[in-house]
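Student: Here you go, start_39.cif (mmCIF, C-alpha atoms):
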```cif
data_start
loop_
_atom_site.group_PDB
_atom_site.id
_atom_site.type_symbol
_atom_site.label_atom_id
_atom_site.label_comp_id
_atom_site.auth_asym_id
_atom_site.auth_seq_id
_atom_site.Cartn_x
_atom_site.Cartn_y
_atom_site.Cartn_z
ATOM 1 C CA MET G 583 19.474 1.438 12.299
ATOM 2 C CA PRO G 584 16.831 3.827 10.912
ATOM 3 C CA PRO G 585 18.021 6.945 9.093
ATOM 4 C CA SER G 586 18.208 10.133 11.115
ATOM 5 C CA ALA G 587 15.675 12.937 10.739
ATOM 6 C CA ASP G 588 18.374 15.022 9.047
ATOM 7 C CA THR G 589 19.100 12.263 6.539
ATOM 8 C CA LEU G 590 15.406 11.837 5.734
ATOM 9 C CA ALA G 591 15.032 15.601 5.301
ATOM 10 C CA ARG G 592 18.015 15.686 2.936
ATOM 11 C CA TRP G 593 16.728 12.755 0.886
ATOM 12 C CA ASN G 594 13.270 14.318 0.573
ATOM 13 C CA ALA G 595 14.728 17.660 -0.490
ATOM 14 C CA GLU G 596 16.895 15.951 -3.108
ATOM 15 C CA LEU G 597 13.998 13.854 -4.467
ATOM 16 C CA ARG G 598 11.285 16.544 -4.390
ATOM 17 C CA ASP G 599 11.620 17.408 -8.090
ATOM 18 C CA HIS G 600 12.522 13.931 -9.350
ATOM 19 C CA SER G 601 10.104 11.914 -11.464
ATOM 20 C CA PRO G 602 8.408 8.889 -9.858
ATOM 21 C CA ARG G 603 10.518 6.567 -12.004
ATOM 22 C CA ALA G 604 13.705 8.303 -10.878
ATOM 23 C CA ILE G 605 12.592 7.991 -7.251
ATOM 24 C CA ILE G 606 11.990 4.279 -7.739
ATOM 25 C CA ARG G 607 15.465 3.845 -9.219
ATOM 26 C CA TRP G 608 16.879 5.685 -6.196
ATOM 27 C CA ALA G 609 14.926 3.408 -3.839
ATOM 28 C CA LEU G 610 16.031 0.212 -5.571
ATOM 29 C CA ALA G 611 19.654 1.338 -5.402
ATOM 30 C CA HIS G 612 19.284 1.671 -1.616
ATOM 31 C CA ALA G 613 18.101 -1.923 -1.253
ATOM 32 C CA PRO G 614 19.473 -4.165 -4.014
ATOM 33 C CA GLY G 615 17.210 -7.198 -4.214
ATOM 34 C CA ARG G 616 15.340 -6.254 -1.040
ATOM 35 C CA ALA G 617 12.533 -3.998 -2.262
ATOM 36 C CA ILE G 618 8.823 -4.716 -2.525
ATOM 37 C CA VAL G 619 5.787 -2.780 -3.693
ATOM 38 C CA SER G 620 2.422 -3.095 -1.981
ATOM 39 C CA THR G 621 -0.985 -2.682 -3.576
ATOM 40 C CA ASN G 622 -4.681 -2.976 -2.861
ATOM 41 C CA PHE G 623 -5.691 -2.366 -6.512
ATOM 42 C CA ARG G 624 -7.569 0.815 -5.629
ATOM 43 C CA PRO G 625 -7.877 3.703 -8.129
ATOM 44 C CA TYR G 626 -4.551 4.763 -9.669
ATOM 45 C CA GLU G 627 -2.638 1.749 -8.287
ATOM 46 C CA ALA G 628 -1.701 0.820 -11.865
ATOM 47 C CA THR G 629 0.719 3.766 -11.853
ATOM 48 C CA ILE G 630 2.954 2.556 -9.019
ATOM 49 C CA LEU G 631 2.771 -1.048 -10.240
ATOM 50 C CA HIS G 632 3.719 -0.122 -13.812
ATOM 51 C CA ALA G 633 6.551 2.144 -12.660
ATOM 52 C CA ALA G 634 7.888 -0.450 -10.211
ATOM 53 C CA VAL G 635 7.936 -3.387 -12.641
ATOM 54 C CA SER G 636 9.422 -1.154 -15.349
ATOM 55 C CA ALA G 637 12.414 -0.667 -13.030
ATOM 56 C CA GLN G 638 12.497 -4.221 -11.643
ATOM 57 C CA PRO G 639 10.244 -6.717 -13.474
ATOM 58 C CA ASP G 640 10.377 -9.357 -10.737
ATOM 59 C CA ILE G 641 9.800 -7.044 -7.761
ATOM 60 C CA PRO G 642 7.525 -8.784 -5.223
ATOM 61 C CA VAL G 643 4.046 -7.257 -5.112
ATOM 62 C CA LEU G 644 2.462 -7.629 -1.673
ATOM 63 C CA TRP G 645 -1.338 -7.788 -1.733
ATOM 64 C CA VAL G 646 -3.575 -8.503 1.222
ATOM 65 C CA ASP G 647 -6.739 -10.042 -0.202
ATOM 66 C CA HIS G 648 -9.135 -9.761 2.728
ATOM 67 C CA GLY G 649 -11.925 -11.358 0.690
ATOM 68 C CA TYR G 650 -14.270 -8.366 0.670
ATOM 69 C CA ASN G 651 -13.197 -6.717 -2.575
ATOM 70 C CA ARG G 652 -15.857 -5.978 -5.142
ATOM 71 C CA ALA G 653 -15.981 -7.981 -8.347
ATOM 72 C CA ALA G 654 -14.583 -5.099 -10.410
ATOM 73 C CA THR G 655 -11.526 -4.898 -8.153
ATOM 74 C CA TYR G 656 -10.797 -8.612 -8.517
ATOM 75 C CA ARG G 657 -11.124 -8.327 -12.307
ATOM 76 C CA HIS G 658 -8.833 -5.280 -12.264
ATOM 77 C CA ALA G 659 -6.249 -7.175 -10.202
ATOM 78 C CA GLN G 660 -6.320 -10.086 -12.622
ATOM 79 C CA GLU G 661 -5.951 -7.781 -15.630
ATOM 80 C CA LEU G 662 -2.963 -5.936 -14.154
ATOM 81 C CA LYS G 663 -1.324 -9.184 -13.073
ATOM 82 C CA ALA G 664 -1.504 -10.505 -16.629
ATOM 83 C CA ARG G 665 -0.666 -7.250 -18.397
ATOM 84 C CA LEU G 666 2.292 -6.282 -16.194
ATOM 85 C CA GLY G 667 3.502 -9.777 -15.342
ATOM 86 C CA LEU G 668 3.213 -9.011 -11.642
ATOM 87 C CA ASN G 669 5.171 -11.172 -9.207
ATOM 88 C CA LEU G 670 2.083 -11.131 -7.002
ATOM 89 C CA LYS G 671 2.414 -12.296 -3.401
ATOM 90 C CA ALA G 672 -1.129 -12.583 -2.050
ATOM 91 C CA TYR G 673 -1.644 -12.926 1.690
ATOM 92 C CA LEU G 674 -5.010 -13.960 3.112
ATOM 93 C CA PRO G 675 -6.379 -13.497 6.630
ATOM 94 C CA LEU G 676 -6.556 -16.421 9.021
ATOM 95 C CA LEU G 677 -10.349 -16.017 8.966
ATOM 96 C CA THR G 678 -12.417 -16.397 5.808
ATOM 97 C CA PRO G 679 -15.040 -13.686 5.192
ATOM 98 C CA ALA G 680 -17.818 -16.153 6.092
ATOM 99 C CA HIS G 681 -16.052 -17.050 9.343
ATOM 100 C CA ARG G 682 -15.544 -13.386 10.263
ATOM 101 C CA ASP G 683 -19.155 -12.520 9.459
ATOM 102 C CA ALA G 684 -20.409 -15.406 11.601
ATOM 103 C CA LEU G 685 -18.344 -14.198 14.561
ATOM 104 C CA HIS G 686 -18.759 -10.431 14.242
ATOM 105 C CA GLY G 687 -21.737 -9.786 11.968
ATOM 106 C CA PRO G 688 -21.938 -7.262 9.108
ATOM 107 C CA LEU G 689 -19.057 -5.040 8.106
ATOM 108 C CA PRO G 690 -18.587 -2.191 10.609
ATOM 109 C CA ASP G 691 -19.379 1.390 9.652
ATOM 110 C CA LEU G 692 -17.868 4.713 10.698
ATOM 111 C CA ALA G 693 -19.892 4.752 13.914
ATOM 112 C CA ASP G 694 -18.151 1.566 15.075
ATOM 113 C CA GLU G 695 -14.481 2.491 15.560
ATOM 114 C CA ALA G 696 -13.775 -0.574 17.690
ATOM 115 C CA GLY G 697 -15.269 -2.807 15.005
ATOM 116 C CA LEU G 698 -13.242 -1.111 12.279
ATOM 117 C CA GLN G 699 -10.010 -1.578 14.199
ATOM 118 C CA ARG G 700 -10.845 -5.221 14.885
ATOM 119 C CA PHE G 701 -11.559 -5.774 11.190
ATOM 120 C CA SER G 702 -8.263 -4.074 10.291
ATOM 121 C CA ARG G 703 -6.333 -6.126 12.841
ATOM 122 C CA GLU G 704 -7.739 -9.512 11.803
ATOM 123 C CA MET G 705 -8.358 -9.125 8.085
ATOM 124 C CA LYS G 706 -5.677 -6.688 6.938
ATOM 125 C CA LEU G 707 -2.899 -5.961 9.424
ATOM 126 C CA GLU G 708 -2.158 -9.554 10.466
ATOM 127 C CA PRO G 709 -1.733 -10.853 6.892
ATOM 128 C CA PHE G 710 0.196 -7.726 5.910
ATOM 129 C CA GLN G 711 2.560 -8.156 8.835
ATOM 130 C CA ARG G 712 2.984 -11.823 7.905
ATOM 131 C CA GLY G 713 3.858 -10.809 4.348
ATOM 132 C CA MET G 714 6.340 -8.192 5.492
ATOM 133 C CA ARG G 715 7.966 -10.698 7.832
ATOM 134 C CA GLU G 716 8.347 -13.317 5.089
ATOM 135 C CA LEU G 717 9.447 -10.929 2.326
ATOM 136 C CA ALA G 718 11.680 -8.937 4.731
ATOM 137 C CA PRO G 719 12.059 -5.801 2.580
ATOM 138 C CA ALA G 720 14.593 -3.071 3.249
ATOM 139 C CA VAL G 721 12.544 -0.725 1.032
ATOM 140 C CA TRP G 722 8.761 -0.652 0.745
ATOM 141 C CA LEU G 723 7.321 1.169 -2.286
ATOM 142 C CA THR G 724 3.814 2.526 -1.753
ATOM 143 C CA ALA G 725 1.230 4.538 -3.676
ATOM 144 C CA LEU G 726 0.686 6.992 -0.807
ATOM 145 C CA ARG G 727 -0.103 10.560 -1.868
ATOM 146 C CA ARG G 728 -0.370 13.623 0.312
ATOM 147 C CA VAL G 729 -3.783 14.572 -1.122
ATOM 148 C CA GLN G 730 -5.429 11.342 0.056
ATOM 149 C CA ASN G 731 -6.171 12.269 3.671
ATOM 150 C CA PRO G 732 -4.906 14.554 6.473
ATOM 151 C CA ASN G 733 -2.676 11.876 8.030
ATOM 152 C CA ARG G 734 -0.809 11.321 4.768
ATOM 153 C CA ALA G 735 -0.351 15.040 4.193
ATOM 154 C CA GLY G 736 2.098 14.964 7.099
ATOM 155 C CA LEU G 737 4.285 12.276 5.519
ATOM 156 C CA ASP G 738 6.786 12.654 2.660
ATOM 157 C CA ILE G 739 8.379 10.789 -0.241
ATOM 158 C CA VAL G 740 10.771 8.904 2.053
ATOM 159 C CA THR G 741 9.949 7.998 5.647
ATOM 160 C CA HIS G 742 11.033 5.390 8.137
ATOM 161 C CA ASP G 743 8.095 3.111 8.844
ATOM 162 C CA ALA G 744 8.232 2.179 12.519
ATOM 163 C CA ASN G 745 5.336 -0.276 12.204
ATOM 164 C CA PHE G 746 7.303 -2.587 9.929
ATOM 165 C CA GLY G 747 10.890 -1.413 10.410
ATOM 166 C CA THR G 748 11.572 -0.481 6.808
ATOM 167 C CA LEU G 749 12.256 2.512 4.593
ATOM 168 C CA LYS G 750 8.949 3.549 3.023
ATOM 169 C CA VAL G 751 9.178 5.294 -0.347
ATOM 170 C CA SER G 752 6.166 6.882 -2.060
ATOM 171 C CA PRO G 753 7.269 7.889 -5.588
ATOM 172 C CA PHE G 754 3.942 9.556 -6.480
ATOM 173 C CA PHE G 755 3.595 11.343 -3.130
ATOM 174 C CA HIS G 756 3.262 14.836 -4.645
ATOM 175 C CA ALA G 757 1.334 13.764 -7.771
ATOM 176 C CA THR G 758 -2.094 15.173 -8.549
ATOM 177 C CA ASP G 759 -5.037 13.216 -9.947
ATOM 178 C CA ALA G 760 -4.501 14.966 -13.283
ATOM 179 C CA GLU G 761 -0.871 13.807 -13.379
ATOM 180 C CA LEU G 762 -1.902 10.241 -12.598
ATOM 181 C CA ASP G 763 -4.611 10.371 -15.274
ATOM 182 C CA ALA G 764 -1.931 11.480 -17.746
ATOM 183 C CA TYR G 765 0.382 8.625 -16.676
ATOM 184 C CA LEU G 766 -2.405 6.071 -17.172
ATOM 185 C CA ALA G 767 -3.274 7.476 -20.590
ATOM 186 C CA GLU G 768 0.361 7.658 -21.714
ATOM 187 C CA ASN G 769 0.942 4.025 -20.821
ATOM 188 C CA GLY G 770 -2.453 2.645 -21.838
ATOM 189 C CA LEU G 771 -3.258 1.470 -18.307
ATOM 190 C CA PRO G 772 -6.712 0.742 -16.863
ATOM 191 C CA ASN G 773 -8.159 2.313 -13.731
ATOM 192 C CA GLU G 774 -10.698 0.968 -11.241
ATOM 193 C CA TRP G 775 -13.281 3.195 -9.578
ATOM 194 C CA ASP G 776 -15.494 0.613 -7.841
ATOM 195 C CA TYR G 777 -12.951 -0.005 -5.076
ATOM 196 C CA PHE G 778 -14.086 -0.008 -1.447
ATOM 197 C CA ASP G 779 -11.945 -0.713 1.629
ATOM 198 C CA PRO G 780 -14.026 -2.101 4.519
ATOM 199 C CA ALA G 781 -11.088 -1.544 6.864
ATOM 200 C CA LYS G 782 -11.513 2.214 6.372
ATOM 201 C CA ALA G 783 -15.234 2.722 5.712
ATOM 202 C CA ASP G 784 -14.245 6.226 4.547
ATOM 203 C CA GLU G 785 -11.325 7.491 2.452
ATOM 204 C CA LYS G 786 -10.367 10.087 5.067
ATOM 205 C CA ARG G 787 -9.782 7.393 7.709
ATOM 206 C CA GLU G 788 -6.641 5.237 8.000
ATOM 207 C CA CYS G 789 -6.888 1.438 8.099
ATOM 208 C CA GLY G 790 -3.782 1.201 10.275
ATOM 209 C CA LEU G 791 -1.042 0.272 7.799
ATOM 210 C CA HIS G 792 0.250 3.844 7.726
ATOM 211 C CA ALA G 793 -0.767 4.963 11.230
ATOM 212 C CA ALA G 794 0.914 4.424 14.592
ATOM 213 C CA TRP G 795 -2.024 2.469 16.050
ATOM 214 C CA GLY G 796 -1.655 -0.086 13.252
ATOM 215 C CA GLY G 797 1.728 -1.242 14.491
ATOM 216 C CA ARG G 798 0.331 -1.936 17.949
ATOM 217 C CA ALA G 799 -2.767 -3.623 16.531
ATOM 218 C CA ALA G 800 -0.806 -5.835 14.152
ATOM 219 C CA HIS G 801 1.395 -7.131 16.958
ATOM 220 C CA GLY G 802 -1.694 -7.940 18.985
ATOM 221 C CA ALA G 803 -3.620 -9.651 16.165
ATOM 222 C CA ALA G 804 -4.924 -13.135 16.803
#
```
What is this structure when it is put down as structure tokens?
Tutor:
Amino acid sequence: MPPSADTLARWNAELRDHSPRAIIRWALAHAPGRAIVSTNFRPYEATILHAAVSAQPDIPVLWVDHGYNRAATYRHAQELKARLGLNLKAYLPLLTPAHRDALHGPLPDLADEAGLQRFSREMKLEPFQRGMRELAPAVWLTALRRVQNPNRAGLDIVTHDANFGTLKVSPFFHATDAELDAYLAENGLPNEWDYFDPAKADEKRECGLHAAWGGRAAHGAA
């Protein structure tokens, strides 16, 4: 049974001035042994990963590796896995990049919305849904921030995610870039600026994981 709107509003009001680490402790207490954190190793992802494993060292880390990451992102992922001892759970699409390219051609751009949604459905949403089904979390920790795009500005620290039927908690939701830079520096963590998500094609667009259309697309993925 998802929490009511009043309960979510109360939780968000209570957590608004808490630190990200305190929010993570709150989230873990709401789902003992049933929390995960997701990542795509984009810029600033080291913050949520460091904070999550500091609270629970063996927390499962769900990563969809669609095969189109740049070399710097793969090196960054490997460095963080080793440095933080990540309990990394990598999920791959049913199609390899070469297979997808042979069927559908080059990566779609912003002018091809249908192509972008198909890429998201096959290469990102299907493996993510498979991971969520197998890991079966009650709490899903994310690195969502309200400054990232207009859709996310309408979310909050704690929401009920209807796409995957779980409580979604974003401990750094109100954090600024400057605050994340300070966190990285304080903890000696690397960042990665060469990241590109072909499921979005633009940072202001959603890939579907955190949008209503993604739930429908994931259920219809081949």
Student: Name the residues that the PyMOL selection byres ((chain G and resi 740) around 6) picks from the file above, as a PyMOL selection string, using the file's chain letters and numbers.
Tutor: chain G and resi 738-739+741+750-751
Student: Apply the PyMOL selection byres ((chain G and resi 639) around 9) to the displayed file and report the matching residues as a list in words.
Tutor: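 Applied to this file, the PyMOL selection byres ((chain G and resi 639) around 9) returns Ala634, Val635, Ser636, Ala637, Gln638, Asp640, Ile641, Pro642, Leu666, Gly667, Leu668 and Asn669 of chain G.
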Student: Could you check how far CA of Arg598 (chain G) sits from CA of Leu726 (chain G), in Å to one decimal?
Tutor: 14.7 Å
Student: Within 8 Å of Pro585 (chain G), counting only C-alpha atoms, which residues show up once you throw out same-chain ones fewer than 4 positions away? Write them as number ranges by chain, please.
Tutor: G: 589-590, 742
Student: Identify which of the residues G:His648, G:Arg728, G:His658, G:Arg715 lies closest to Phe701 (chain G), counting all atoms listed in the file when measuring atom-to-atom distances.
Tutor: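 Nearest to Phe701 (chain G): G:His648.
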Student: Counting all atoms listed in the file, which of G:Ala609, G:Trp645, G:Val619, G:Phe746 gets nearest to Leu597 (chain G)?
Tutor: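 Under the stated criterion, the closest residue is G:Ala609.
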Student: Can you pull out every residue within 9 Å of Asp691 (chain G), counting all atoms listed in the file, but drop anything in the same chain fewer than 2 positions away, and send it as a ChimeraX atom specification?
Tutor: /G:689,693-695,697-698,780,782-784
Student: Provide the CA of Ile618 (chain G) to CA of Trp722 (chain G) distance in Å, to one decimal place.
Tutor: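 Spanning CA of Ile618 (chain G) to CA of Trp722 (chain G) is a straight-line distance of 5.2 Å.
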Student: For Ala696 (chain G), which residue among G:Val646, G:Val721, G:Ala781, G:Leu762 is the nearest when counting only C-alpha atoms?
Tutor: G:Ala781
Student: Would you list the contacts of Gly747 (chain G) as a PyMOL selection string, taking every protein, DNA or RNA residue within 10 Å and counting only C-alpha atoms, but skipping same-chain residues closer than 2 positions in sequence?
Tutor: chain G and resi 583-584+714+718-722+742-745+749-750
Student: So which residues get picked by the PyMOL selection byres ((chain G and resi 650-654) around 10) here, written as a list in words?
Tutor: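 That expression, the PyMOL selection byres ((chain G and resi 650-654) around 10), corresponds here to Asn622, Phe623, Arg624, Asp647, His648, Gly649, Thr655, Tyr656, Arg657, His658, Ala659, Gln660, Thr678, Pro679, Leu689, Met705, Glu774, Trp775, Asp776, Tyr777, Phe778, Asp779, Pro780 and Ala781 of chain G.
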Student: Put those residues in a file: C-alpha atoms, as a CSV table (one decimal), keeping the file's coordinate frame.
Tutor:
```csv
chain,number,residue,atom,x,y,z
G,622,ASN,CA,-4.7,-3.0,-2.9
G,623,PHE,CA,-5.7,-2.4,-6.5
G,624,ARG,CA,-7.6,0.8,-5.6
G,647,ASP,CA,-6.7,-10.0,-0.2
G,648,HIS,CA,-9.1,-9.8,2.7
G,649,GLY,CA,-11.9,-11.4,0.7
G,655,THR,CA,-11.5,-4.9,-8.2
G,656,TYR,CA,-10.8,-8.6,-8.5
G,657,ARG,CA,-11.1,-8.3,-12.3
G,658,HIS,CA,-8.8,-5.3,-12.3
G,659,ALA,CA,-6.2,-7.2,-10.2
G,660,GLN,CA,-6.3,-10.1,-12.6
G,678,THR,CA,-12.4,-16.4,5.8
G,679,PRO,CA,-15.0,-13.7,5.2
G,689,LEU,CA,-19.1,-5.0,8.1
G,705,MET,CA,-8.4,-9.1,8.1
G,774,GLU,CA,-10.7,1.0,-11.2
G,775,TRP,CA,-13.3,3.2,-9.6
G,776,ASP,CA,-15.5,0.6,-7.8
G,777,TYR,CA,-13.0,0.0,-5.1
G,778,PHE,CA,-14.1,0.0,-1.4
G,779,ASP,CA,-11.9,-0.7,1.6
G,780,PRO,CA,-14.0,-2.1,4.5
G,781,ALA,CA,-11.1,-1.5,6.9
```
Student: For region 687-706 of chain G, supply N, CA and C atoms and format the output as a PDB file, in the frame of the given file.
Tutor:
```
ATOM      1  N   GLY G 687     -20.602 -10.400  12.642  1.00  0.00           N
ATOM      2  CA  GLY G 687     -21.737  -9.786  11.968  1.00  0.00           C
ATOM      3  C   GLY G 687     -21.337  -8.953  10.761  1.00  0.00           C
ATOM      4  N   PRO G 688     -22.199  -8.052  10.310  1.00  0.00           N
ATOM      5  CA  PRO G 688     -21.938  -7.262   9.108  1.00  0.00           C
ATOM      6  C   PRO G 688     -20.686  -6.406   9.229  1.00  0.00           C
ATOM      7  N   LEU G 689     -20.222  -5.921   8.104  1.00  0.00           N
ATOM      8  CA  LEU G 689     -19.057  -5.040   8.106  1.00  0.00           C
ATOM      9  C   LEU G 689     -19.338  -3.801   8.954  1.00  0.00           C
ATOM     10  N   PRO G 690     -18.375  -3.377   9.762  1.00  0.00           N
ATOM     11  CA  PRO G 690     -18.587  -2.191  10.609  1.00  0.00           C
ATOM     12  C   PRO G 690     -18.642  -0.915   9.785  1.00  0.00           C
ATOM     13  N   ASP G 691     -19.324   0.093  10.322  1.00  0.00           N
ATOM     14  CA  ASP G 691     -19.379   1.390   9.652  1.00  0.00           C
ATOM     15  C   ASP G 691     -18.617   2.415  10.480  1.00  0.00           C
ATOM     16  N   LEU G 692     -18.653   3.663  10.039  1.00  0.00           N
ATOM     17  CA  LEU G 692     -17.868   4.713  10.698  1.00  0.00           C
ATOM     18  C   LEU G 692     -18.252   4.941  12.156  1.00  0.00           C
ATOM     19  N   ALA G 693     -19.455   4.564  12.533  1.00  0.00           N
ATOM     20  CA  ALA G 693     -19.892   4.752  13.914  1.00  0.00           C
ATOM     21  C   ALA G 693     -19.304   3.698  14.851  1.00  0.00           C
ATOM     22  N   ASP G 694     -18.669   2.680  14.280  1.00  0.00           N
ATOM     23  CA  ASP G 694     -18.151   1.566  15.075  1.00  0.00           C
ATOM     24  C   ASP G 694     -16.629   1.517  14.951  1.00  0.00           C
ATOM     25  N   GLU G 695     -15.938   2.421  15.653  1.00  0.00           N
ATOM     26  CA  GLU G 695     -14.481   2.491  15.560  1.00  0.00           C
ATOM     27  C   GLU G 695     -13.824   1.214  16.076  1.00  0.00           C
ATOM     28  N   ALA G 696     -14.351   0.660  17.154  1.00  0.00           N
ATOM     29  CA  ALA G 696     -13.775  -0.574  17.690  1.00  0.00           C
ATOM     30  C   ALA G 696     -13.911  -1.711  16.681  1.00  0.00           C
ATOM     31  N   GLY G 697     -15.065  -1.772  16.012  1.00  0.00           N
ATOM     32  CA  GLY G 697     -15.269  -2.807  15.005  1.00  0.00           C
ATOM     33  C   GLY G 697     -14.362  -2.632  13.806  1.00  0.00           C
ATOM     34  N   LEU G 698     -14.137  -1.376  13.406  1.00  0.00           N
ATOM     35  CA  LEU G 698     -13.242  -1.111  12.279  1.00  0.00           C
ATOM     36  C   LEU G 698     -11.811  -1.519  12.608  1.00  0.00           C
ATOM     37  N   GLN G 699     -11.372  -1.209  13.827  1.00  0.00           N
ATOM     38  CA  GLN G 699     -10.010  -1.578  14.199  1.00  0.00           C
ATOM     39  C   GLN G 699      -9.867  -3.095  14.329  1.00  0.00           C
ATOM     40  N   ARG G 700     -10.900  -3.758  14.814  1.00  0.00           N
ATOM     41  CA  ARG G 700     -10.845  -5.221  14.885  1.00  0.00           C
ATOM     42  C   ARG G 700     -10.789  -5.816  13.489  1.00  0.00           C
ATOM     43  N   PHE G 701     -11.609  -5.291  12.570  1.00  0.00           N
ATOM     44  CA  PHE G 701     -11.559  -5.774  11.190  1.00  0.00           C
ATOM     45  C   PHE G 701     -10.160  -5.561  10.611  1.00  0.00           C
ATOM     46  N   SER G 702      -9.605  -4.358  10.799  1.00  0.00           N
ATOM     47  CA  SER G 702      -8.263  -4.074  10.291  1.00  0.00           C
ATOM     48  C   SER G 702      -7.242  -5.051  10.868  1.00  0.00           C
ATOM     49  N   ARG G 703      -7.307  -5.268  12.165  1.00  0.00           N
ATOM     50  CA  ARG G 703      -6.333  -6.126  12.841  1.00  0.00           C
ATOM     51  C   ARG G 703      -6.386  -7.562  12.308  1.00  0.00           C
ATOM     52  N   GLU G 704      -7.595  -8.103  12.181  1.00  0.00           N
ATOM     53  CA  GLU G 704      -7.739  -9.512  11.803  1.00  0.00           C
ATOM     54  C   GLU G 704      -7.629  -9.750  10.309  1.00  0.00           C
ATOM     55  N   MET G 705      -8.212  -8.846   9.512  1.00  0.00           N
ATOM     56  CA  MET G 705      -8.358  -9.125   8.085  1.00  0.00           C
ATOM     57  C   MET G 705      -7.328  -8.432   7.205  1.00  0.00           C
ATOM     58  N   LYS G 706      -6.625  -7.445   7.754  1.00  0.00           N
ATOM     59  CA  LYS G 706      -5.677  -6.688   6.938  1.00  0.00           C
ATOM     60  C   LYS G 706      -4.286  -6.608   7.561  1.00  0.00           C
TER      61      LYS G 706
END
```
